[in-house]
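Participant: There's a structure below that I have some questions on.
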Amino acid sequence: QVQLVETGGGLVQAGGSLTLSCKASGGTFNIYRYTMGWFRQAPGKEREFVAAISKTSRSSDYIESVKDRFTISRDNAKNLVVLQMNRLKVEDTAVYFCAADYTPDNPAVGRAANEYDYWGQGTQVTVSS
């Protein structure tokens, strides 16, 4: 049973920072074969792509609104993916989800939620003005 568990959410003032972590586990899960991504969903809105990182960390992708503020990284040896969020804005308020996309032979980083095979339960990020 593959599990993705997000931690690090909370309440922060605009301009502040938060670090989200995603720990992957499960007997058959080999993180080296997965592109890892973060998505978010604000109340009343569709789930949207935030950032993703390739299996070897060689490439990453970000939604335009978080570029230069958020950084995604991974430590495969620890089965860990991190989203560092700086200069947070009120519009970043959402539930943030970690996701894993099985891409053993594909170096590309995908943005489509339906490409991702496993999902965490999410962690709430609230940014106050």
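Every chain in the structure tokens has a letter given in the order shown (A, B, ...), and although residue numbers restart at 1 in each chain, ligands are simply numbered from 1 in the order shown.
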When you look at segment 114-120 of chain A with a cut-off of 6 Å (counting only C-alpha atoms), what residues show up, excluding the ones that are within fewer than 2 positions of it in the same chain? I need them as a ChimeraX atom specification.
Facilitator: /A:4-5,97-101,112,122
Participant: Would you write out those residues with N, CA, C and O atoms, as a PDB file, in the first residue's frame?
Facilitator:
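To be explicit, this is the file written out as result.pdb:
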ATOM      1  N   LEU A   4       1.400   8.530   0.685  1.00  0.00           N
ATOM      2  CA  LEU A   4       2.064   9.822   0.624  1.00  0.00           C
ATOM      3  C   LEU A   4       1.481  10.664   1.749  1.00  0.00           C
ATOM      4  O   LEU A   4       0.260  10.872   1.801  1.00  0.00           O
ATOM      5  N   VAL A   5       2.341  11.144   2.632  1.00  0.00           N
ATOM      6  CA  VAL A   5       1.865  11.901   3.792  1.00  0.00           C
ATOM      7  C   VAL A   5       2.501  13.286   3.780  1.00  0.00           C
ATOM      8  O   VAL A   5       3.732  13.417   3.848  1.00  0.00           O
ATOM      9  N   PHE A  97      -1.535  19.170  -1.989  1.00  0.00           N
ATOM     10  CA  PHE A  97      -1.457  17.723  -2.143  1.00  0.00           C
ATOM     11  C   PHE A  97      -0.138  17.324  -2.800  1.00  0.00           C
ATOM     12  O   PHE A  97       0.289  17.928  -3.786  1.00  0.00           O
ATOM     13  N   CYS A  98       0.446  16.282  -2.268  1.00  0.00           N
ATOM     14  CA  CYS A  98       1.598  15.657  -2.888  1.00  0.00           C
ATOM     15  C   CYS A  98       1.104  14.545  -3.799  1.00  0.00           C
ATOM     16  O   CYS A  98       0.106  13.871  -3.479  1.00  0.00           O
ATOM     17  N   ALA A  99       1.791  14.332  -4.913  1.00  0.00           N
ATOM     18  CA  ALA A  99       1.363  13.295  -5.846  1.00  0.00           C
ATOM     19  C   ALA A  99       2.568  12.652  -6.516  1.00  0.00           C
ATOM     20  O   ALA A  99       3.623  13.281  -6.666  1.00  0.00           O
ATOM     21  N   ALA A 100       2.385  11.393  -6.934  1.00  0.00           N
ATOM     22  CA  ALA A 100       3.459  10.634  -7.585  1.00  0.00           C
ATOM     23  C   ALA A 100       2.989  10.113  -8.933  1.00  0.00           C
ATOM     24  O   ALA A 100       1.914   9.516  -9.032  1.00  0.00           O
ATOM     25  N   ASP A 101       3.796  10.340  -9.938  1.00  0.00           N
ATOM     26  CA  ASP A 101       3.510   9.947 -11.325  1.00  0.00           C
ATOM     27  C   ASP A 101       4.538   8.915 -11.758  1.00  0.00           C
ATOM     28  O   ASP A 101       5.729   9.214 -11.838  1.00  0.00           O
ATOM     29  N   ALA A 112      -0.568  17.504 -15.618  1.00  0.00           N
ATOM     30  CA  ALA A 112      -1.966  17.054 -15.568  1.00  0.00           C
ATOM     31  C   ALA A 112      -2.201  16.144 -14.375  1.00  0.00           C
ATOM     32  O   ALA A 112      -1.499  15.141 -14.205  1.00  0.00           O
ATOM     33  N   GLY A 122      -3.428  15.617   1.775  1.00  0.00           N
ATOM     34  CA  GLY A 122      -3.388  17.076   1.732  1.00  0.00           C
ATOM     35  C   GLY A 122      -3.068  17.707   3.073  1.00  0.00           C
ATOM     36  O   GLY A 122      -3.305  17.136   4.136  1.00  0.00           O
TER      37      GLY A 122
END
Participant: Please identify all polymer residues within 7 Å of segment 19-25 of chain A, counting only C-alpha atoms, omitting same-chain residues fewer than 2 positions from it, and present them as a list of chain:residue names.
Facilitator: A:Val2, A:Gln3, A:Leu4, A:Val5, A:Glu6, A:Thr7, A:Gly8, A:Gly9, A:Ser17, A:Gly27, A:Phe29, A:Asn79, A:Leu80, A:Val81, A:Val82, A:Leu83, A:Gln84, A:Met85, A:Cys98
Participant: Given the selection you just returned, output its residues as a file containing N, CA, C and O atoms, formatted as a PDB file, in the first residue's frame.
Facilitator:
ATOM      1  N   VAL A   2       0.807   2.016  -1.074  1.00  0.00           N
ATOM      2  CA  VAL A   2       1.604   3.241  -1.183  1.00  0.00           C
ATOM      3  C   VAL A   2       0.917   4.353  -0.406  1.00  0.00           C
ATOM      4  O   VAL A   2      -0.289   4.559  -0.512  1.00  0.00           O
ATOM      5  N   GLN A   3       1.704   5.050   0.380  1.00  0.00           N
ATOM      6  CA  GLN A   3       1.176   6.197   1.134  1.00  0.00           C
ATOM      7  C   GLN A   3       2.047   7.418   0.886  1.00  0.00           C
ATOM      8  O   GLN A   3       3.281   7.324   0.909  1.00  0.00           O
ATOM      9  N   LEU A   4       1.400   8.530   0.685  1.00  0.00           N
ATOM     10  CA  LEU A   4       2.064   9.822   0.624  1.00  0.00           C
ATOM     11  C   LEU A   4       1.481  10.664   1.749  1.00  0.00           C
ATOM     12  O   LEU A   4       0.260  10.872   1.801  1.00  0.00           O
ATOM     13  N   VAL A   5       2.341  11.144   2.632  1.00  0.00           N
ATOM     14  CA  VAL A   5       1.865  11.901   3.792  1.00  0.00           C
ATOM     15  C   VAL A   5       2.501  13.286   3.780  1.00  0.00           C
ATOM     16  O   VAL A   5       3.732  13.417   3.848  1.00  0.00           O
ATOM     17  N   GLU A   6       1.652  14.294   3.695  1.00  0.00           N
ATOM     18  CA  GLU A   6       2.117  15.671   3.685  1.00  0.00           C
ATOM     19  C   GLU A   6       2.118  16.241   5.102  1.00  0.00           C
ATOM     20  O   GLU A   6       1.201  15.975   5.885  1.00  0.00           O
ATOM     21  N   THR A   7       3.119  17.026   5.396  1.00  0.00           N
ATOM     22  CA  THR A   7       3.195  17.756   6.658  1.00  0.00           C
ATOM     23  C   THR A   7       3.724  19.149   6.388  1.00  0.00           C
ATOM     24  O   THR A   7       4.288  19.419   5.318  1.00  0.00           O
ATOM     25  N   GLY A   8       3.541  20.023   7.371  1.00  0.00           N
ATOM     26  CA  GLY A   8       4.132  21.341   7.275  1.00  0.00           C
ATOM     27  C   GLY A   8       3.174  22.477   6.995  1.00  0.00           C
ATOM     28  O   GLY A   8       3.577  23.639   6.983  1.00  0.00           O
ATOM     29  N   GLY A   9       1.914  22.159   6.766  1.00  0.00           N
ATOM     30  CA  GLY A   9       0.955  23.219   6.536  1.00  0.00           C
ATOM     31  C   GLY A   9       0.686  24.010   7.803  1.00  0.00           C
ATOM     32  O   GLY A   9       1.122  23.645   8.893  1.00  0.00           O
ATOM     33  N   SER A  17       6.867  32.394   5.209  1.00  0.00           N
ATOM     34  CA  SER A  17       7.324  31.170   4.548  1.00  0.00           C
ATOM     35  C   SER A  17       6.781  29.930   5.247  1.00  0.00           C
ATOM     36  O   SER A  17       6.502  29.962   6.455  1.00  0.00           O
ATOM     37  N   GLY A  27       5.593  -0.826   0.576  1.00  0.00           N
ATOM     38  CA  GLY A  27       6.575  -1.858   0.264  1.00  0.00           C
ATOM     39  C   GLY A  27       7.024  -1.888  -1.180  1.00  0.00           C
ATOM     40  O   GLY A  27       8.179  -2.163  -1.466  1.00  0.00           O
ATOM     41  N   PHE A  29       6.795   0.704  -3.380  1.00  0.00           N
ATOM     42  CA  PHE A  29       7.014   2.032  -3.939  1.00  0.00           C
ATOM     43  C   PHE A  29       8.494   2.321  -4.086  1.00  0.00           C
ATOM     44  O   PHE A  29       9.242   2.315  -3.115  1.00  0.00           O
ATOM     45  N   ASN A  79      13.032   9.104   0.586  1.00  0.00           N
ATOM     46  CA  ASN A  79      11.644   9.055   0.098  1.00  0.00           C
ATOM     47  C   ASN A  79      10.901  10.350   0.437  1.00  0.00           C
ATOM     48  O   ASN A  79       9.731  10.322   0.834  1.00  0.00           O
ATOM     49  N   LEU A  80      11.555  11.461   0.218  1.00  0.00           N
ATOM     50  CA  LEU A  80      11.041  12.741   0.675  1.00  0.00           C
ATOM     51  C   LEU A  80      10.999  13.755  -0.464  1.00  0.00           C
ATOM     52  O   LEU A  80      11.932  13.840  -1.266  1.00  0.00           O
ATOM     53  N   VAL A  81       9.922  14.524  -0.497  1.00  0.00           N
ATOM     54  CA  VAL A  81       9.782  15.638  -1.437  1.00  0.00           C
ATOM     55  C   VAL A  81       9.403  16.868  -0.631  1.00  0.00           C
ATOM     56  O   VAL A  81       8.550  16.792   0.261  1.00  0.00           O
ATOM     57  N   VAL A  82      10.025  17.979  -0.940  1.00  0.00           N
ATOM     58  CA  VAL A  82       9.827  19.203  -0.161  1.00  0.00           C
ATOM     59  C   VAL A  82       9.402  20.335  -1.079  1.00  0.00           C
ATOM     60  O   VAL A  82       9.932  20.470  -2.188  1.00  0.00           O
ATOM     61  N   LEU A  83       8.467  21.123  -0.600  1.00  0.00           N
ATOM     62  CA  LEU A  83       8.072  22.346  -1.293  1.00  0.00           C
ATOM     63  C   LEU A  83       8.339  23.510  -0.352  1.00  0.00           C
ATOM     64  O   LEU A  83       7.652  23.680   0.651  1.00  0.00           O
ATOM     65  N   GLN A  84       9.358  24.277  -0.677  1.00  0.00           N
ATOM     66  CA  GLN A  84       9.689  25.469   0.097  1.00  0.00           C
ATOM     67  C   GLN A  84       8.902  26.641  -0.484  1.00  0.00           C
ATOM     68  O   GLN A  84       9.034  26.950  -1.672  1.00  0.00           O
ATOM     69  N   MET A  85       8.103  27.272   0.358  1.00  0.00           N
ATOM     70  CA  MET A  85       7.238  28.360  -0.108  1.00  0.00           C
ATOM     71  C   MET A  85       7.628  29.648   0.599  1.00  0.00           C
ATOM     72  O   MET A  85       7.532  29.749   1.831  1.00  0.00           O
ATOM     73  N   CYS A  98       0.446  16.282  -2.268  1.00  0.00           N
ATOM     74  CA  CYS A  98       1.598  15.657  -2.888  1.00  0.00           C
ATOM     75  C   CYS A  98       1.104  14.545  -3.799  1.00  0.00           C
ATOM     76  O   CYS A  98       0.106  13.871  -3.479  1.00  0.00           O
TER      77      CYS A  98
END
Participant: Looking only at the backbone, which of the residues in chain A does DSSP tag as strand (DSSP E or B), as a PyMOL selection string?
Facilitator: chain A and resi 3-7+10-13+18-25+34-41+48-53+60-62+70-75+80-85+94-102+118-119+123-128
Participant: Within 7 Å of segment 47-56 of chain A, counting only C-alpha atoms, which residues qualify if same-chain residues fewer than 3 places away don't, as a list of chain:residue names?
Facilitator: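 Residues near the query, excluding close chain neighbours: A:Tyr32, A:Arg33, A:Tyr34, A:Thr35, A:Met36, A:Gly37, A:Trp38, A:Phe39, A:Arg40, A:Gln41, A:Ser59, A:Ser60, A:Asp61, A:Tyr62, A:Ile63, A:Ile72, A:Ser73, A:Pro107, A:Ala108, A:Val109, A:Arg111.
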Participant: Can you tell me, as a list in words, what residues are no more than 8 Å from segment 125-129 of chain A when counting only C-alpha atoms, ignoring any on the same chain fewer than 3 positions away?
Facilitator: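 Contacts, in chain order: Gly9, Gly10, Leu11, Val12, Gln13, Ala14, Leu88, Lys89, Val90, Glu91, Asp92, Thr93, Ala94, Val95 and Tyr96 of chain A.
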Participant: Out of A:Arg87, A:Asn76, A:Asn30, A:Gln1, which residue has the shortest atom-to-atom distance to Pro104 of chain A when counting only C-alpha atoms?
Facilitator: A:Asn30
Participant: In Å, how far is it from atom CA of Ser57 of chain A to atom CA of Gly26 of chain A?
Facilitator: 21.4 Å
Participant: Which is closest to Thr103 of chain A among A:Asp75, A:Gly44, A:Gln124, A:Ile31, if we use only C-alpha atoms?
Facilitator: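 The answer is A:Ile31, which sits nearest to Thr103 of chain A.
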Participant: Could you state the separation of atom CA of Gln121 of chain A and atom CA of Ala77 of chain A in Å, given to one decimal place?
Facilitator: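 Separation of atom CA of Gln121 of chain A and atom CA of Ala77 of chain A: 22.5 Å.
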Participant: Run DSSP on the backbone and grab whatever in chain A lands in helix (DSSP H, G or I); send it over as a PyMOL selection string.
Facilitator: chain A and resi 31-33+64-66+76-78+90-92+113-115
